[in-house]
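Student: Structure file work_4.txt (compact mmCIF, C-alpha atoms and all ligand atoms) right here:
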```
# COMPACT_ATOMS: atom_id res chain seq x y z
CA MET A 1 75.24 139.89 171.22
CA ARG A 2 74.58 136.29 170.15
CA LYS A 3 75.44 135.74 166.49
CA ILE A 4 73.62 132.69 165.18
CA CYS A 5 73.82 131.07 161.79
CA ILE A 6 70.83 128.89 160.83
CA ILE A 7 72.12 126.46 158.30
CA ASN A 8 71.69 123.08 156.64
CA GLN A 9 73.07 122.22 153.23
CA LYS A 10 69.83 120.34 152.59
CA GLY A 11 67.04 122.45 151.08
CA GLY A 12 63.48 122.84 152.31
CA VAL A 13 64.09 121.72 155.89
CA GLY A 14 62.59 124.80 157.59
CA LYS A 15 65.61 127.09 157.91
CA THR A 16 63.77 130.25 156.84
CA THR A 17 60.61 129.29 158.72
CA THR A 18 62.73 128.86 161.84
CA VAL A 19 64.64 132.13 161.39
CA VAL A 20 61.50 134.18 160.85
CA ASN A 21 59.48 132.73 163.72
CA LEU A 22 62.38 132.56 166.14
CA ALA A 23 63.24 136.19 165.34
CA HIS A 24 59.67 137.31 165.84
CA GLY A 25 59.35 135.35 169.08
CA LEU A 26 62.61 136.71 170.50
CA ALA A 27 61.61 140.25 169.53
CA THR A 28 58.25 139.80 171.24
CA ALA A 29 60.11 138.60 174.34
CA GLY A 30 61.78 142.03 174.39
CA LYS A 31 65.06 141.18 172.70
CA LYS A 32 66.57 143.37 169.99
CA VAL A 33 66.90 141.16 166.92
CA LEU A 34 68.51 141.59 163.51
CA VAL A 35 67.81 139.05 160.77
CA ILE A 36 70.24 138.90 157.87
CA ASP A 37 69.12 137.07 154.75
CA LEU A 38 72.09 135.37 153.13
CA ASP A 39 70.04 133.42 150.61
CA PRO A 40 69.58 134.82 147.07
CA GLN A 41 66.04 133.38 147.15
CA GLY A 42 65.22 136.34 149.44
CA ASN A 43 62.55 134.41 151.34
CA VAL A 44 62.97 136.29 154.61
CA SER A 45 61.61 139.46 153.01
CA THR A 46 58.57 137.61 151.74
CA CYS A 47 57.92 135.99 155.11
CA LEU A 48 58.22 139.30 156.98
CA ASN A 49 56.62 141.39 154.25
CA THR A 50 59.50 143.81 153.98
CA ARG A 51 61.90 144.81 151.24
CA SER A 52 64.65 147.38 151.08
CA GLU A 53 66.37 149.18 148.26
CA ARG A 54 69.83 148.34 149.57
CA ASP A 55 70.61 144.90 150.92
CA ILE A 56 73.30 142.41 151.92
CA TYR A 57 74.81 142.55 148.41
CA ASP A 58 75.63 146.25 148.90
CA ILE A 59 77.36 145.43 152.18
CA LEU A 60 79.33 142.50 150.82
CA VAL A 61 80.34 143.86 147.44
CA GLY A 62 79.91 147.60 147.87
CA SER A 63 81.14 149.70 150.73
CA ASP A 64 77.77 150.25 152.41
CA ASN A 65 77.72 150.30 156.17
CA ALA A 66 75.34 147.63 157.50
CA SER A 67 73.16 150.26 159.18
CA LEU A 68 72.37 151.83 155.76
CA CYS A 69 70.83 148.56 154.60
CA THR A 70 68.81 147.78 157.71
CA LYS A 71 65.04 147.95 157.56
CA GLN A 72 62.85 148.06 160.65
CA VAL A 73 60.03 145.51 160.83
CA ASN A 74 58.85 146.37 164.32
CA ASP A 75 60.19 147.99 167.49
CA ASN A 76 62.58 145.14 168.25
CA LEU A 77 63.06 143.51 164.85
CA ASP A 78 65.26 144.70 161.97
CA VAL A 79 66.10 142.98 158.70
CA ILE A 80 68.88 143.13 156.13
CA SER A 81 67.29 141.56 153.10
CA SER A 82 68.67 139.88 150.01
CA LYS A 83 67.71 139.15 146.44
CA GLU A 84 69.00 137.17 143.47
CA THR A 85 71.94 139.56 142.93
CA LEU A 86 73.54 137.87 145.93
CA THR A 87 74.50 134.99 143.61
CA LYS A 88 76.91 137.42 141.91
CA ALA A 89 78.39 138.34 145.29
CA GLU A 90 79.51 134.75 145.84
CA VAL A 91 81.41 134.83 142.54
CA LEU A 92 82.97 138.22 143.32
CA LEU A 93 83.92 137.15 146.85
CA ALA A 94 85.87 134.23 145.42
CA GLY A 95 88.44 136.70 144.07
CA GLU A 96 88.87 138.63 147.34
CA GLN A 97 91.68 138.33 149.83
CA SER A 98 90.72 136.36 152.94
CA ARG A 99 87.51 135.60 151.12
CA GLU A 100 86.04 133.43 153.88
CA THR A 101 86.00 136.27 156.42
CA VAL A 102 84.69 139.17 154.32
CA LEU A 103 81.28 139.05 156.03
CA LYS A 104 82.86 139.03 159.48
CA ARG A 105 84.82 142.19 158.65
CA LYS A 106 81.91 143.95 156.94
CA LEU A 107 79.46 143.20 159.75
CA SER A 108 81.88 144.19 162.51
CA THR A 109 80.16 147.57 162.86
CA ILE A 110 76.88 145.94 163.89
CA THR A 111 76.18 146.49 167.58
CA GLY A 112 73.21 147.05 169.84
CA TYR A 113 71.36 143.82 169.17
CA ASP A 114 70.77 140.91 171.53
CA PHE A 115 70.55 138.49 168.61
CA VAL A 116 71.77 138.48 165.01
CA LEU A 117 70.22 135.60 163.05
CA LEU A 118 71.55 134.62 159.63
CA ASP A 119 69.31 132.73 157.22
CA CYS A 120 71.50 130.63 154.93
CA ALA A 121 70.91 129.09 151.52
CA PRO A 122 71.05 125.28 151.20
CA SER A 123 74.75 124.97 150.45
CA LEU A 124 78.19 124.72 152.00
CA GLY A 125 79.57 127.32 149.58
CA LEU A 126 81.64 130.42 150.21
CA LEU A 127 78.77 132.60 151.44
CA ASN A 128 77.83 130.04 154.05
CA GLN A 129 81.45 129.62 155.10
CA ASN A 130 81.42 133.40 155.65
CA ALA A 131 78.22 133.03 157.69
CA MET A 132 79.70 130.33 159.92
CA LEU A 133 82.87 132.36 160.47
CA TYR A 134 80.78 135.36 161.56
CA ALA A 135 78.64 133.32 163.95
CA ASP A 136 79.40 132.07 167.44
CA GLU A 137 76.51 129.62 167.38
CA ILE A 138 75.10 127.34 164.73
CA PHE A 139 71.53 126.08 164.66
CA ILE A 140 70.75 123.17 162.32
CA PRO A 141 67.09 122.63 161.43
CA THR A 142 66.78 119.01 160.32
CA SER A 143 63.76 117.45 158.67
CA THR A 144 62.51 114.26 160.29
CA ASP A 145 61.85 112.57 156.96
CA ALA A 146 63.91 109.71 155.51
CA LEU A 147 66.73 111.96 154.29
CA GLY A 148 66.80 114.27 157.31
CA VAL A 149 69.97 113.02 158.92
CA VAL A 150 71.77 112.31 155.65
CA GLY A 151 74.35 115.03 155.14
CA LEU A 152 74.56 116.03 158.80
CA THR A 153 77.94 114.36 159.14
CA THR A 154 79.22 116.39 156.18
CA MET A 155 77.91 119.56 157.81
CA ILE A 156 79.54 118.81 161.14
CA LYS A 157 82.86 117.97 159.48
CA ALA A 158 82.71 121.22 157.49
CA ILE A 159 82.09 123.22 160.67
CA ASP A 160 84.95 121.49 162.50
CA LYS A 161 87.29 122.08 159.57
CA LEU A 162 86.39 125.79 159.34
CA ASN A 163 86.88 126.20 163.09
CA GLU A 164 90.26 124.51 162.88
CA VAL A 165 91.59 126.33 159.81
CA PHE A 166 90.40 129.78 160.89
CA ASN A 167 90.95 129.33 164.62
CA HIS A 168 87.24 129.98 165.10
CA GLN A 169 84.97 128.66 167.86
CA ALA A 170 81.49 128.40 166.37
CA LYS A 171 79.49 125.76 168.22
CA ILE A 172 76.42 123.80 167.22
CA THR A 173 74.07 124.78 170.03
CA GLN A 174 70.71 123.66 168.59
CA VAL A 175 69.68 120.83 166.30
CA ILE A 176 66.02 121.46 165.53
CA PRO A 177 63.90 118.57 164.21
CA THR A 178 61.35 119.93 161.73
CA LEU A 179 58.39 118.74 159.68
CA TYR A 180 57.55 116.24 162.41
CA ASP A 181 54.45 114.16 161.88
CA THR A 182 53.42 112.29 165.04
CA ARG A 183 51.52 109.71 162.96
CA SER A 184 54.59 108.74 160.98
CA LYS A 185 56.76 105.90 162.22
CA LEU A 186 59.54 107.16 160.00
CA CYS A 187 59.49 110.57 161.73
CA LYS A 188 59.58 108.87 165.13
CA ASN A 189 62.55 106.72 164.09
CA THR A 190 64.43 109.71 162.70
CA LEU A 191 63.75 111.71 165.86
CA GLN A 192 65.09 108.81 167.95
CA GLU A 193 68.19 108.69 165.77
CA LEU A 194 68.69 112.42 166.32
CA LYS A 195 68.26 111.93 170.08
CA ASN A 196 70.92 109.21 170.04
CA ASN A 197 73.38 111.46 168.26
CA PHE A 198 72.63 114.97 169.49
CA ASP A 199 71.73 114.57 173.12
CA GLY A 200 72.04 117.94 174.85
CA VAL A 201 71.63 120.12 171.75
CA LEU A 202 68.43 118.59 170.38
CA ALA A 203 65.39 120.88 170.58
CA ASP A 204 61.81 119.62 170.76
CA PRO A 205 60.42 118.90 167.29
CA ILE A 206 58.53 121.44 165.20
CA HIS A 207 55.45 119.62 163.98
CA THR A 208 54.20 119.74 160.41
CA SER A 209 51.51 122.39 160.32
CA SER A 210 49.52 123.84 157.45
CA LYS A 211 49.42 127.20 159.27
CA LEU A 212 53.22 127.39 159.26
CA LYS A 213 53.09 126.82 155.52
CA GLU A 214 50.41 129.47 154.96
CA ALA A 215 51.78 132.27 157.16
CA PRO A 216 54.46 133.53 154.68
CA LYS A 217 51.75 134.12 152.08
CA PHE A 218 50.37 136.82 154.37
CA GLY A 219 53.80 138.15 155.35
CA LYS A 220 53.15 137.16 158.94
CA SER A 221 54.96 135.17 161.59
CA ILE A 222 53.08 132.22 163.09
CA PHE A 223 52.56 134.29 166.26
CA GLU A 224 50.54 136.80 164.24
CA TYR A 225 48.87 134.36 161.87
CA ASP A 226 47.77 131.57 164.23
CA LYS A 227 48.93 132.42 167.71
CA LYS A 228 47.03 129.63 169.48
CA GLY A 229 47.96 126.80 167.12
CA ARG A 230 50.52 124.01 167.18
CA GLY A 231 53.12 125.92 165.14
CA ALA A 232 53.09 128.90 167.52
CA LYS A 233 53.35 126.53 170.50
CA ASP A 234 56.34 124.75 168.98
CA TYR A 235 58.18 127.94 168.06
CA HIS A 236 57.36 129.43 171.45
CA ALA A 237 59.09 126.46 173.06
CA LEU A 238 62.11 127.03 170.83
CA VAL A 239 62.24 130.73 171.78
CA ASP A 240 62.19 129.76 175.48
CA ARG A 241 64.90 127.18 174.91
CA VAL A 242 67.14 129.64 173.07
CA LEU A 243 66.67 132.23 175.81
CA GLY A 244 67.35 129.60 178.49
CA VAL A 245 70.48 128.23 176.88
CA GLN A 246 72.08 131.65 177.24
CA ALA A 247 72.44 131.08 180.96
CA ASN A 248 74.17 127.72 180.54
CA ALA A 249 77.75 126.93 179.69
CA PRO A 250 78.37 126.77 175.93
CA LEU A 251 77.73 123.34 174.51
CA GLN A 252 80.38 121.40 172.69
CA THR A 253 80.04 120.55 169.04
CA PRO A 254 78.46 117.09 169.05
CA ALA A 255 80.27 114.10 167.62
CA PRO A 256 79.50 113.24 163.98
CA VAL A 257 76.38 111.19 163.38
CA GLN A 258 76.84 107.44 163.19
CA THR A 259 75.97 106.62 159.64
CA ALA A 260 73.97 103.46 160.30
CA PRO A 261 71.24 103.04 157.70
CA LEU A 262 67.81 104.30 158.72
CA GLU A 263 65.40 101.60 159.70
CA MET A 264 62.56 101.99 157.24
CA PRO A 265 59.16 100.92 158.55
CA ALA A 266 57.31 98.35 156.51
CA GLY A 267 54.38 99.80 154.55
N1 LIG A 301 56.70 122.79 160.30
C1 LIG A 301 56.26 122.99 159.05
N2 LIG A 301 55.05 122.52 158.67
C2 LIG A 301 54.59 122.67 157.40
N3 LIG A 301 55.28 123.30 156.43
C3 LIG A 301 56.50 123.80 156.75
C4 LIG A 301 57.05 123.68 158.07
N4 LIG A 301 58.28 124.26 158.07
C5 LIG A 301 58.47 124.73 156.83
N5 LIG A 301 57.41 124.45 156.03
C6 LIG A 301 57.25 124.76 154.62
O1 LIG A 301 58.21 123.99 153.89
C7 LIG A 301 58.77 124.76 152.86
C8 LIG A 301 60.28 124.92 153.10
O2 LIG A 301 60.46 125.63 154.32
P1 LIG A 301 61.60 126.72 154.45
O3 LIG A 301 61.54 127.68 153.29
O4 LIG A 301 61.53 127.28 155.81
O5 LIG A 301 62.86 125.77 154.28
P2 LIG A 301 64.36 126.20 153.97
O6 LIG A 301 65.22 125.18 154.62
O7 LIG A 301 64.59 127.61 154.33
O8 LIG A 301 64.41 126.04 152.39
P3 LIG A 301 65.62 126.49 151.43
O9 LIG A 301 66.68 125.45 151.62
O10 LIG A 301 65.02 126.48 150.07
O11 LIG A 301 66.07 127.85 151.87
C9 LIG A 301 58.03 126.08 152.86
O12 LIG A 301 56.94 125.99 151.98
C10 LIG A 301 57.52 126.20 154.29
O13 LIG A 301 56.35 127.00 154.40
MG MG A 302 65.32 129.20 153.21
```
Translate this file's structure into structure tokens.
Ligand SMILES: Nc1ncnc2c1ncn2[C@@H]1O[C@H](COP(=O)(O)OP(=O)(O)OP(=O)(O)O)[C@@H](O)[C@H]1O
Ligand SMILES: [Mg+2]

Tutor:
Amino acid sequence: MRKICIINQKGGVGKTTTVVNLAHGLATAGKKVLVIDLDPQGNVSTCLNTRSERDIYDILVGSDNASLCTKQVNDNLDVISSKETLTKAEVLLAGEQSRETVLKRKLSTITGYDFVLLDCAPSLGLLNQNAMLYADEIFIPTSTDALGVVGLTTMIKAIDKLNEVFNHQAKITQVIPTLYDTRSKLCKNTLQELKNNFDGVLADPIHTSSKLKEAPKFGKSIFEYDKKGRGAKDYHALVDRVLGVQANAPLQTPAPVQTAPLEMPAG
């Protein structure tokens, strides 16, 4: 069972879009997938058009077994959803013993999936520390705009520190460039910068696509909403890459990004 945390402290970079479409694509490829929404915004439920009475809050704060809070989306895809009450959970967790590993203990009963994907809120707070300490792999969607790479060094340092303090071995196995516009010189420069720093773990870019933006409104993945378009092609490539990586040796956490200033194109 591959336990993957999809995280970036920066907001709006395509974390949820990636989780939802990757999950759907892996499920379509015949893999058993569980998505866990760890963001109080609860966007996963909207994107997959599903909602459950009991959710991740009841697992974290209550004594619910994870299976009680799992909702089936299709034959291969299950979801544990979240809502704004999860904000309270973060406060309550702060008072718990071994507060960084509560999620790991509470989710230890989960079995039978090929993939567990965690959608994280844009933060490096306690909930996300819990997410990283549950996961074996970390995927970082990164926008290819001017501020895309800013903050990546902080993220990598935080992951290294958590691994060290908790004797954990989570590895960054995918850095996923998002919101890529082929006409933009800035996007090209940022992608090059990512290539220079993340060789080996850098996925092909996910292009900016209006269909990817629209799909959540209809509670559909891109494979259902626009299966022949650019967005579906890009996420299909990511699904293949994630399935392929399984056969390879685990990748090392890449070195922190060199913080040279971005070269801004004139005009
Ligand atoms: N490749 C894309 N092309 C066009 N729009 C996109 C793309 N990826 C994501 N979006 C849109 O950008 C917005 C932010 O995406 P998303 O919610 O996936 O980001 P996020 O990182 O999960 O945000 P948050 O940090 O708030 O959780 C959404 O409106 C989404 O539909
Ligand atoms: Mg999100």

Student: Report the centre and edge lengths, in Å to one decimal, of an axis-aligned box enclosing every atom of ligand LIG 301 (chain A) listed in the file, padded by 4 Å on each side, as JSON.

Tutor:
```
{"center_x": 60.6, "center_y": 125.2, "center_z": 155.2, "size_x": 20.1, "size_y": 13.3, "size_z": 18.2}
```

Student: Would you pick out the contacts of A:Asn43 at 10 Å or less, using all atoms listed in the file, so that residues sharing its chain but fewer than 3 positions from it are not included, and give the list as a VMD selection string?

Tutor: chain A and resid 16 to 17 20 37 to 40 46 to 49 81 to 83 119 121 216

Student: Using all atoms listed in the file, find each residue in chain A having at least one atom no more than 9 Å away from ligand LIG 301 (chain A); report its shortest atom-to-atom pair and that distance in Å (one decimal), rows by chain then rising number, as CSV.

Tutor:
```
residue,atom,partner,partner_atom,distance
A:Ile7,CA,A:LIG301,O6,7.9
A:Asn8,CA,A:LIG301,O6,7.1
A:Gln9,CA,A:LIG301,O9,7.3
A:Lys10,CA,A:LIG301,O9,6.1
A:Gly11,CA,A:LIG301,O9,3.1
A:Gly12,CA,A:LIG301,O8,3.3
A:Val13,CA,A:LIG301,O6,3.9
A:Gly14,CA,A:LIG301,O4,3.2
A:Lys15,CA,A:LIG301,O7,3.8
A:Thr16,CA,A:LIG301,O7,3.7
A:Thr17,CA,A:LIG301,O4,3.7
A:Thr18,CA,A:LIG301,O4,6.3
A:Val19,CA,A:LIG301,O4,8.0
A:Val20,CA,A:LIG301,O4,8.5
A:Asp39,CA,A:LIG301,O11,7.0
A:Gln41,CA,A:LIG301,O11,7.3
A:Gly42,CA,A:LIG301,O11,8.9
A:Asn43,CA,A:LIG301,O3,7.1
A:Val44,CA,A:LIG301,O3,8.8
A:Asp119,CA,A:LIG301,O7,7.5
A:Cys120,CA,A:LIG301,O11,6.8
A:Ala121,CA,A:LIG301,O11,5.0
A:Pro122,CA,A:LIG301,O9,4.4
A:Ser123,CA,A:LIG301,O9,8.2
A:Pro141,CA,A:LIG301,O6,7.5
A:Thr142,CA,A:LIG301,O6,8.5
A:Ser143,CA,A:LIG301,N4,8.8
A:Thr178,CA,A:LIG301,N1,5.6
A:Leu179,CA,A:LIG301,N1,4.4
A:Tyr180,CA,A:LIG301,N1,6.9
A:Asp181,CA,A:LIG301,N2,9.0
A:Pro205,CA,A:LIG301,N1,8.8
A:Ile206,CA,A:LIG301,N1,5.4
A:His207,CA,A:LIG301,N1,5.0
A:Thr208,CA,A:LIG301,N2,3.4
A:Ser209,CA,A:LIG301,N2,3.9
A:Ser210,CA,A:LIG301,C2,5.2
A:Lys211,CA,A:LIG301,C2,7.1
A:Leu212,CA,A:LIG301,N2,5.2
A:Lys213,CA,A:LIG301,O13,3.5
A:Glu214,CA,A:LIG301,O13,6.5
A:Ala215,CA,A:LIG301,O13,7.5
A:Pro216,CA,A:LIG301,O13,6.8
A:Lys217,CA,A:LIG301,O13,8.8
A:Gly231,CA,A:LIG301,N1,6.8
A:Asp234,CA,A:LIG301,N1,8.9
```

Student: So which one's closest to A:Ala237, A:Asp204, A:Leu26, A:Lys106, A:Glu90? Using all atoms listed in the file, please.

Tutor: A:Asp204

Student: Pick the closest to A:Leu243 from A:Tyr57, A:Phe166, A:Phe115, A:Phe139: which is it, counting all atoms listed in the file?

Tutor: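 Counting all atoms listed in the file, the residue closest to A:Leu243 is A:Phe115.
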
Student: Give the answer as one residue: which of A:Lys220, A:Leu186, A:Thr50, A:Gly200 has the shortest atom-to-atom distance to A:Ala232, using only C-alpha atoms?

Tutor: A:Lys220
